[in-house]
Amino acid sequence: MANHIEGRVLQRRDYRYESLRRQACWHAGVPDRHPEVIVLANNEDDVVGAVKLAREKGLRIAVRSGGHSWSGSHLRDGTLLIDLSNLRHVSVDPEAMTGTAQPGIKGSELSSMLAEKNLFFPTGHCTGVSIGGYLLQGGFAWAGRHYGPACMSVTGIEAVTADGERIHADETHNADLLWAARGAGPGFFAVVTRFHVKLYPRKRITMNSGYFWPASAARDVYGFVHEIGRRTPAEINLMCNRDPMTHDEPLISLNATAFTDTEEEAREQLSIFESCPARGRVLTTRLNEVTDTGTLSRLGTDPHYDETKRYLADNMWTHASFDDLWPNFQAMLRTWPPAPSHMVLYNWGGYEGQPERPPMAFSVEDELYYGLYAAWSDPAEDWRYTDWVTEHMRAWEPYATGIQLADENLINRPYRFLTDENLRRLDDLRTTWDPDGLFISWLGRPEPAANVSEDAPK
């Protein structure tokens, strides 16, 4: 059927099709959506062949790099799915502080390669996330407050367009395509086969402190993080989940990480957390440990993501007072799902040391980020956990300024993920680059939310 494609080409009736379809979604909640054809590309020429095959068969195109989309956005009926997980080449130029990476390489693997050369790139918090979708959606990164969303460090792309042409885009050539690649996520209208990236000197010290409280301390702890999150240079990961430490009742854990060049500077950054009003009620602590992001991911982040479970994620950006958020959070605590369901709060925007944002599609962010993740096993309970996540995030909409695409729940709760101006520009560019609408767009694309304001309550 496709002798111009070196990699595997599977149709729905073929042996191993269903196995490959399920592998395209990282968790057990694989959506009941079936591409007509899956192309497991071995190289960039295969991507060209796949685009041409889609045109020949009259199919739209979806793209997968690592399959870490919570909603399985890349799994669509009546499409040709281009699987880029085998495109994993990386090159590094330490003198120029630049590199290239293909979309199938995992961020954790890239980070390890760079660490050997004392270099750094702002990769994601989960070990299993490949960089393709991560960078297209913006890239919520380790040390992201210092470097901005990871897409800011993308200086160019190699891509295959809707007409099957291989092109390069950077700030001077096809600049509008690079602009779109920095934040369009699943709405991007080409296939990126290689990213050109800017690299950074690796900080000598990564130091972490952890504090653990019962849920009775939640209001004081969250209020404290809302108060100091903007001004501290340390990265905060505040999590709520059921845990054996609290006899399977909700546990509040605050992990703070400093990225510095000296241990003294790191301890100084982390010392502010000793002033938390709930400090005297802490169950246990782990203070000023020198570590690395790989260890933090493996021990702190990854245990909450069990591929045998079904998952639903949702999120919001906000700068609201926690007093406004507390009534809904209080209701959540009374009905918290079993582990590994959890909620994370990161501090993000407003930090005086953050870099200036370049023109890019990525355009909705705020001081704080909340992500809510439900995990369960029984498909018969899909509705229960979908409602739990969706309705609690909907209750916070009056205090939200938007969402980020990485953890979107657009099919159940459409909400603002780009500014209206950038969304209009993306639509105009789509008409130029993909006039026949060959590439799929966002799953459950939202209309602009009527109650969204840049000046949501503080």
# chains A, B, ... in the order shown; residues from 1 in each chain; ligands from 1
$ select_by_dssp --residues "segment 179-388 of chain A" --states "strand (DSSP E or B)" --output "PyMOL selection string"
chain A and resi 191-198+200-201+205-214+235-243+249-260+284-290+310-318+342-347+368-376
$ residues_around --residues "Asn255 of chain A" --least-positions-apart "2" --cutoff "12 Å" --atoms "only C-alpha atoms" --output "tab-separated table (two decimals) with N, CA and C atoms, in the first residue's frame"
chain	number	residue	atom	x	y	z
A	207	MET	N	18.75	21.94	44.77
A	207	MET	CA	18.49	21.60	46.18
A	207	MET	C	16.99	21.61	46.43
A	208	ASN	N	16.53	20.61	47.18
A	208	ASN	CA	15.09	20.44	47.41
A	208	ASN	C	14.79	20.31	48.90
A	209	SER	N	13.69	20.93	49.31
A	209	SER	CA	13.14	20.73	50.65
A	209	SER	C	11.69	20.29	50.55
A	210	GLY	N	11.28	19.38	51.43
A	210	GLY	CA	9.91	18.89	51.43
A	210	GLY	C	9.28	18.99	52.81
A	211	TYR	N	8.01	19.39	52.84
A	211	TYR	CA	7.22	19.51	54.08
A	211	TYR	C	5.90	18.77	53.86
A	212	PHE	N	5.43	18.08	54.90
A	212	PHE	CA	4.24	17.23	54.76
A	212	PHE	C	3.28	17.49	55.91
A	213	TRP	N	1.99	17.78	55.55
A	213	TRP	CA	0.99	18.14	56.53
A	213	TRP	C	-0.29	17.32	56.36
A	221	VAL	N	-1.39	26.46	54.52
A	221	VAL	CA	-0.30	26.15	53.60
A	221	VAL	C	-0.56	26.76	52.22
A	225	VAL	N	1.52	29.78	50.17
A	225	VAL	CA	2.10	29.65	48.83
A	225	VAL	C	1.55	30.72	47.91
A	234	ALA	N	12.57	30.15	44.15
A	234	ALA	CA	12.47	28.69	44.22
A	234	ALA	C	11.21	28.21	43.50
A	235	GLU	N	11.30	27.04	42.90
A	235	GLU	CA	10.14	26.43	42.24
A	235	GLU	C	9.35	25.64	43.28
A	236	ILE	N	8.04	25.91	43.37
A	236	ILE	CA	7.17	25.25	44.34
A	236	ILE	C	6.30	24.22	43.64
A	237	ASN	N	6.24	23.04	44.21
A	237	ASN	CA	5.29	22.00	43.81
A	237	ASN	C	4.52	21.62	45.06
A	238	LEU	N	3.28	22.11	45.15
A	238	LEU	CA	2.42	21.84	46.29
A	238	LEU	C	1.37	20.82	45.85
A	239	MET	N	1.33	19.67	46.54
A	239	MET	CA	0.49	18.58	46.08
A	239	MET	C	-0.47	18.14	47.17
A	240	CYS	N	-1.68	17.71	46.74
A	240	CYS	CA	-2.65	17.10	47.62
A	240	CYS	C	-3.03	15.74	47.05
A	252	ILE	N	-1.01	16.95	52.42
A	252	ILE	CA	-0.52	18.15	51.75
A	252	ILE	C	1.01	18.11	51.79
A	253	SER	N	1.63	18.08	50.60
A	253	SER	CA	3.10	18.04	50.55
A	253	SER	C	3.61	19.22	49.74
A	257	THR	N	12.19	23.69	45.19
A	257	THR	CA	13.47	23.37	44.56
A	257	THR	C	14.18	24.66	44.16
A	258	ALA	N	15.45	24.76	44.54
A	258	ALA	CA	16.29	25.90	44.18
A	258	ALA	C	17.32	25.45	43.15
A	270	LEU	N	15.59	28.59	50.02
A	270	LEU	CA	14.64	27.65	50.64
A	270	LEU	C	14.27	28.03	52.07
A	273	PHE	N	10.57	28.98	53.41
A	273	PHE	CA	9.51	28.02	53.69
A	273	PHE	C	9.44	27.64	55.17
A	285	THR	N	9.62	16.40	57.65
A	285	THR	CA	10.29	17.27	56.68
A	285	THR	C	11.47	16.53	56.05
A	286	ARG	N	11.93	17.07	54.95
A	286	ARG	CA	13.15	16.61	54.27
A	286	ARG	C	13.81	17.89	53.76
A	287	LEU	N	14.84	18.36	54.43
A	287	LEU	CA	15.31	19.72	54.21
A	287	LEU	C	16.66	19.78	53.51
A	288	ASN	N	16.77	20.70	52.54
A	288	ASN	CA	18.03	21.10	51.92
A	288	ASN	C	18.84	19.93	51.37
A	289	GLU	N	18.16	19.06	50.62
A	289	GLU	CA	18.84	17.92	50.02
A	289	GLU	C	19.34	18.29	48.61
A	296	LEU	N	14.26	13.91	41.18
A	296	LEU	CA	13.00	14.53	41.60
A	296	LEU	C	11.83	13.99	40.79
A	297	SER	N	12.04	13.78	39.49
A	297	SER	CA	10.98	13.21	38.66
A	297	SER	C	10.66	11.78	39.06
A	299	LEU	N	11.25	10.08	41.85
A	299	LEU	CA	10.77	9.84	43.21
A	299	LEU	C	9.57	10.70	43.59
A	300	GLY	N	9.46	11.89	42.99
A	300	GLY	CA	8.40	12.80	43.39
A	300	GLY	C	7.23	12.88	42.45
A	301	THR	N	7.51	12.85	41.14
A	301	THR	CA	6.45	13.05	40.14
A	301	THR	C	5.90	11.73	39.60
A	344	VAL	N	-1.87	19.43	41.84
A	344	VAL	CA	-0.60	20.14	42.02
A	344	VAL	C	-0.84	21.64	41.86
A	345	LEU	N	-0.05	22.39	42.59
A	345	LEU	CA	-0.01	23.85	42.47
A	345	LEU	C	1.45	24.24	42.26
A	346	TYR	N	1.72	24.94	41.17
A	346	TYR	CA	3.06	25.48	40.90
A	346	TYR	C	2.99	27.00	40.92
A	347	ASN	N	4.05	27.61	41.45
A	347	ASN	CA	4.22	29.05	41.22
A	347	ASN	C	4.87	29.23	39.87
$ select_by_dssp --residues "segment 102-302 of chain A" --states "helix (DSSP H, G or I)" --output "number ranges by chain"
A: 107-115, 131-137, 144-147, 150-153, 175-181, 185-187, 215-228, 244-246, 263-275, 279-281, 293-302
$ closest_residue --among "A:Gly164, A:Gly229, A:Pro340, A:Pro303" --to "Trp433 of chain A" --atoms "only C-alpha atoms"
A:Gly164
$ atom_distance --atom1 "atom CA of Ile205 of chain A" --atom2 "atom CA of Phe259 of chain A"
5.9 Å
$ closest_atom_pairs --of "segment 105-150 of chain A" --to "segment 74-91 of chain A" --cutoff "12 Å" --atoms "only C-alpha atoms" --output "tab-separated table"
residue	atom	partner	partner_atom	distance
A:Ile105	CA	A:Arg88	CA	4.5
A:Lys106	CA	A:Arg88	CA	8.2
A:Gly107	CA	A:Arg88	CA	10.8
A:Glu109	CA	A:Arg88	CA	10.0
A:Leu110	CA	A:Val90	CA	7.8
A:Ser111	CA	A:Val90	CA	11.1
A:Ser112	CA	A:Val90	CA	11.9
A:Met113	CA	A:Val90	CA	9.0
A:Leu114	CA	A:Ser91	CA	10.1
A:Gly128	CA	A:Ser85	CA	11.8
A:Val129	CA	A:Ser85	CA	10.9
A:Ser130	CA	A:Ser85	CA	8.1
A:Ile131	CA	A:Arg88	CA	9.7
A:Gly132	CA	A:Leu84	CA	8.4
A:Gly133	CA	A:His74	CA	10.1
$ write_last_selection --atoms "C-alpha atoms" --output "CSV table (one decimal), in the first residue's frame"
chain,number,residue,atom,x,y,z
A,105,ILE,CA,13.2,11.7,22.4
A,106,LYS,CA,12.1,11.9,26.0
A,107,GLY,CA,12.8,15.0,27.9
A,109,GLU,CA,16.8,11.4,28.1
A,110,LEU,CA,17.7,14.7,26.6
A,111,SER,CA,18.4,16.1,30.1
A,112,SER,CA,20.7,13.3,31.0
A,113,MET,CA,22.6,13.7,27.7
A,114,LEU,CA,23.1,17.4,28.4
A,128,GLY,CA,8.0,9.6,30.2
A,129,VAL,CA,7.2,12.8,28.2
A,130,SER,CA,8.7,13.1,24.8
A,131,ILE,CA,9.6,16.6,23.6
A,132,GLY,CA,7.4,16.8,20.5
A,133,GLY,CA,4.0,17.5,22.0
$ closest_atom_pairs --of "segment 25-58 of chain A" --to "segment 375-396 of chain A" --cutoff "12 Å" --atoms "only C-alpha atoms" --output "tab-separated table"
residue	atom	partner	partner_atom	distance
A:His27	CA	A:Ala375	CA	9.7
A:Ala28	CA	A:Ser377	CA	8.1
A:Gly29	CA	A:Pro379	CA	7.9
A:Val30	CA	A:Pro379	CA	10.4
A:Pro31	CA	A:Pro379	CA	10.9
A:Asp32	CA	A:Pro379	CA	11.8
$ residues_around --residues "Gly185 of chain A" --least-positions-apart "2" --cutoff "7 Å" --atoms "only C-alpha atoms" --output "ChimeraX atom specification"
/A:133,136-137,183,187-188,405
$ write_last_selection --atoms "N, CA and C atoms" --output "PDB file, in the first residue's frame"
ATOM      1  N   GLY A 133       5.187  16.871  21.493  1.00  0.00           N
ATOM      2  CA  GLY A 133       3.985  17.549  21.963  1.00  0.00           C
ATOM      3  C   GLY A 133       4.277  18.530  23.073  1.00  0.00           C
ATOM      4  N   LEU A 136       5.509  21.809  21.494  1.00  0.00           N
ATOM      5  CA  LEU A 136       4.451  22.464  20.715  1.00  0.00           C
ATOM      6  C   LEU A 136       3.410  23.104  21.623  1.00  0.00           C
ATOM      7  N   GLN A 137       3.150  22.510  22.778  1.00  0.00           N
ATOM      8  CA  GLN A 137       2.135  23.038  23.686  1.00  0.00           C
ATOM      9  C   GLN A 137       2.661  24.171  24.557  1.00  0.00           C
ATOM     10  N   GLY A 183       3.588  27.011  20.758  1.00  0.00           N
ATOM     11  CA  GLY A 183       2.391  27.102  21.583  1.00  0.00           C
ATOM     12  C   GLY A 183       1.099  26.607  20.985  1.00  0.00           C
ATOM     13  N   GLY A 187      -3.100  21.922  17.781  1.00  0.00           N
ATOM     14  CA  GLY A 187      -3.647  22.717  16.693  1.00  0.00           C
ATOM     15  C   GLY A 187      -2.617  23.136  15.664  1.00  0.00           C
ATOM     16  N   PHE A 188      -1.388  22.581  15.768  1.00  0.00           N
ATOM     17  CA  PHE A 188      -0.348  22.943  14.800  1.00  0.00           C
ATOM     18  C   PHE A 188      -0.608  22.244  13.473  1.00  0.00           C
ATOM     19  N   LEU A 405      -2.417  23.947  27.531  1.00  0.00           N
ATOM     20  CA  LEU A 405      -2.797  22.812  26.705  1.00  0.00           C
ATOM     21  C   LEU A 405      -2.239  21.487  27.210  1.00  0.00           C
TER      22      LEU A 405
END
$ residues_around --residues "Ser441 of chain A" --least-positions-apart "5" --cutoff "12 Å" --atoms "only C-alpha atoms" --output "ChimeraX atom specification"
/A:60-63,73-76,184-190,410,423,426-427,430,434,446
$ write_last_selection --atoms "N, CA and C atoms" --output "mmCIF file, in the first residue's frame"
data_model
loop_
_atom_site.group_PDB
_atom_site.id
_atom_site.type_symbol
_atom_site.label_atom_id
_atom_site.label_comp_id
_atom_site.auth_asym_id
_atom_site.auth_seq_id
_atom_site.Cartn_x
_atom_site.Cartn_y
_atom_site.Cartn_z
ATOM 1 N N ARG A 60 -7.671 12.901 7.137
ATOM 2 C CA ARG A 60 -7.016 13.973 7.869
ATOM 3 C C ARG A 60 -5.844 13.387 8.654
ATOM 4 N N ILE A 61 -4.965 14.251 9.149
ATOM 5 C CA ILE A 61 -3.726 13.804 9.795
ATOM 6 C C ILE A 61 -3.711 14.191 11.267
ATOM 7 N N ALA A 62 -3.344 13.233 12.113
ATOM 8 C CA ALA A 62 -3.042 13.473 13.518
ATOM 9 C C ALA A 62 -1.593 13.050 13.752
ATOM 10 N N VAL A 63 -0.968 13.600 14.801
ATOM 11 C CA VAL A 63 0.451 13.357 15.048
ATOM 12 C C VAL A 63 0.657 12.993 16.504
ATOM 13 N N SER A 73 -5.595 13.202 22.524
ATOM 14 C CA SER A 73 -6.044 14.125 21.480
ATOM 15 C C SER A 73 -5.662 13.662 20.086
ATOM 16 N N HIS A 74 -4.571 12.935 19.980
ATOM 17 C CA HIS A 74 -4.074 12.496 18.679
ATOM 18 C C HIS A 74 -4.828 11.284 18.139
ATOM 19 N N LEU A 75 -5.645 10.644 18.955
ATOM 20 C CA LEU A 75 -6.454 9.518 18.485
ATOM 21 C C LEU A 75 -7.799 10.060 18.004
ATOM 22 N N ARG A 76 -8.016 10.045 16.703
ATOM 23 C CA ARG A 76 -9.240 10.574 16.109
ATOM 24 C C ARG A 76 -9.778 9.579 15.086
ATOM 25 N N ALA A 184 1.064 26.258 19.695
ATOM 26 C CA ALA A 184 -0.198 25.822 19.090
ATOM 27 C C ALA A 184 -0.622 24.436 19.542
ATOM 28 N N GLY A 185 0.324 23.618 19.998
ATOM 29 C CA GLY A 185 -0.012 22.291 20.496
ATOM 30 C C GLY A 185 -0.681 21.429 19.441
ATOM 31 N N PRO A 186 -1.767 20.720 19.816
ATOM 32 C CA PRO A 186 -2.447 19.844 18.863
ATOM 33 C C PRO A 186 -3.092 20.596 17.703
ATOM 34 N N GLY A 187 -3.100 21.922 17.781
ATOM 35 C CA GLY A 187 -3.647 22.717 16.693
ATOM 36 C C GLY A 187 -2.617 23.136 15.664
ATOM 37 N N PHE A 188 -1.388 22.581 15.768
ATOM 38 C CA PHE A 188 -0.348 22.943 14.800
ATOM 39 C C PHE A 188 -0.608 22.244 13.473
ATOM 40 N N PHE A 189 -0.378 22.944 12.370
ATOM 41 C CA PHE A 189 -0.805 22.497 11.042
ATOM 42 C C PHE A 189 0.372 22.077 10.166
ATOM 43 N N ALA A 190 1.290 21.325 10.751
ATOM 44 C CA ALA A 190 2.406 20.696 10.035
ATOM 45 C C ALA A 190 2.963 19.628 10.965
ATOM 46 N N LEU A 410 -10.475 19.861 27.249
ATOM 47 C CA LEU A 410 -11.312 20.665 26.364
ATOM 48 C C LEU A 410 -12.567 19.938 25.909
ATOM 49 N N LEU A 423 -5.404 33.260 18.754
ATOM 50 C CA LEU A 423 -6.249 32.217 18.181
ATOM 51 C C LEU A 423 -6.679 32.618 16.771
ATOM 52 N N LEU A 426 -3.692 32.209 14.449
ATOM 53 C CA LEU A 426 -3.472 30.797 14.117
ATOM 54 C C LEU A 426 -4.452 30.329 13.049
ATOM 55 N N ASP A 427 -5.701 30.744 13.161
ATOM 56 C CA ASP A 427 -6.691 30.365 12.149
ATOM 57 C C ASP A 427 -6.331 30.929 10.780
ATOM 58 N N ARG A 430 -3.433 28.900 9.498
ATOM 59 C CA ARG A 430 -3.899 27.574 9.086
ATOM 60 C C ARG A 430 -4.450 27.633 7.656
ATOM 61 N N ASP A 434 -2.382 25.263 5.519
ATOM 62 C CA ASP A 434 -3.160 24.023 5.386
ATOM 63 C C ASP A 434 -4.561 24.360 4.873
ATOM 64 N N PRO A 446 -12.690 25.200 21.975
ATOM 65 C CA PRO A 446 -13.637 26.080 22.665
ATOM 66 C C PRO A 446 -13.901 27.379 21.938
#
$ closest_residue --among "A:Pro355, A:Ile411, A:Arg424, A:Leu251" --to "Ala339 of chain A" --atoms "only C-alpha atoms"
A:Leu251
$ atom_distance --atom1 "atom CA of Val197 of chain A" --atom2 "atom CA of Thr100 of chain A"
5.9 Å
$ closest_atom_pairs --of "segment 384-434 of chain A" --to "segment 312-334 of chain A" --cutoff "6 Å" --atoms "only C-alpha atoms" --output "tab-separated table"
residue	atom	partner	partner_atom	distance
A:Tyr399	CA	A:Ala320	CA	5.8
A:Ala400	CA	A:Thr318	CA	4.8
A:Thr401	CA	A:Trp317	CA	5.5
A:Gly402	CA	A:Trp317	CA	5.4
A:Ile403	CA	A:Met316	CA	4.4
A:Asp407	CA	A:Ala313	CA	5.5
A:Glu408	CA	A:Asp314	CA	5.3
A:Asn409	CA	A:Asp314	CA	5.1
$ residues_around --residues "Glu421 of chain A" --least-positions-apart "5" --cutoff "12 Å" --atoms "only C-alpha atoms" --output "PyMOL selection string"
chain A and resi 360-364+416+426-428+448
$ write_last_selection --atoms "N, CA and C atoms" --output "PDB file, in the first residue's frame"
ATOM      1  N   MET A 360       4.921  34.785  20.207  1.00  0.00           N
ATOM      2  CA  MET A 360       4.707  33.346  20.031  1.00  0.00           C
ATOM      3  C   MET A 360       3.234  33.046  20.278  1.00  0.00           C
ATOM      4  N   ALA A 361       2.791  31.910  19.754  1.00  0.00           N
ATOM      5  CA  ALA A 361       1.391  31.529  19.926  1.00  0.00           C
ATOM      6  C   ALA A 361       1.050  31.339  21.396  1.00  0.00           C
ATOM      7  N   PHE A 362       1.965  30.748  22.168  1.00  0.00           N
ATOM      8  CA  PHE A 362       1.760  30.578  23.597  1.00  0.00           C
ATOM      9  C   PHE A 362       1.522  31.939  24.224  1.00  0.00           C
ATOM     10  N   SER A 363       0.392  32.129  24.875  1.00  0.00           N
ATOM     11  CA  SER A 363       0.032  33.495  25.269  1.00  0.00           C
ATOM     12  C   SER A 363      -0.841  33.580  26.508  1.00  0.00           C
ATOM     13  N   VAL A 364      -1.142  32.452  27.152  1.00  0.00           N
ATOM     14  CA  VAL A 364      -1.948  32.482  28.375  1.00  0.00           C
ATOM     15  C   VAL A 364      -1.147  31.831  29.495  1.00  0.00           C
ATOM     16  N   ARG A 416     -10.422  28.908  27.626  1.00  0.00           N
ATOM     17  CA  ARG A 416      -9.442  29.735  26.925  1.00  0.00           C
ATOM     18  C   ARG A 416      -8.016  29.232  27.152  1.00  0.00           C
ATOM     19  N   LEU A 426      -3.692  32.209  14.449  1.00  0.00           N
ATOM     20  CA  LEU A 426      -3.472  30.797  14.117  1.00  0.00           C
ATOM     21  C   LEU A 426      -4.452  30.329  13.049  1.00  0.00           C
ATOM     22  N   ASP A 427      -5.701  30.744  13.161  1.00  0.00           N
ATOM     23  CA  ASP A 427      -6.691  30.365  12.149  1.00  0.00           C
ATOM     24  C   ASP A 427      -6.331  30.929  10.780  1.00  0.00           C
ATOM     25  N   ASP A 428      -5.829  32.154  10.762  1.00  0.00           N
ATOM     26  CA  ASP A 428      -5.409  32.748   9.490  1.00  0.00           C
ATOM     27  C   ASP A 428      -4.218  31.993   8.902  1.00  0.00           C
ATOM     28  N   PRO A 448     -14.405  31.461  22.764  1.00  0.00           N
ATOM     29  CA  PRO A 448     -13.915  32.308  23.853  1.00  0.00           C
ATOM     30  C   PRO A 448     -14.910  32.340  25.004  1.00  0.00           C
TER      31      PRO A 448
END
$ closest_residue --among "A:His342, A:Arg298, A:Arg425, A:Arg445" --to "Trp179 of chain A" --atoms "only C-alpha atoms"
A:Arg425
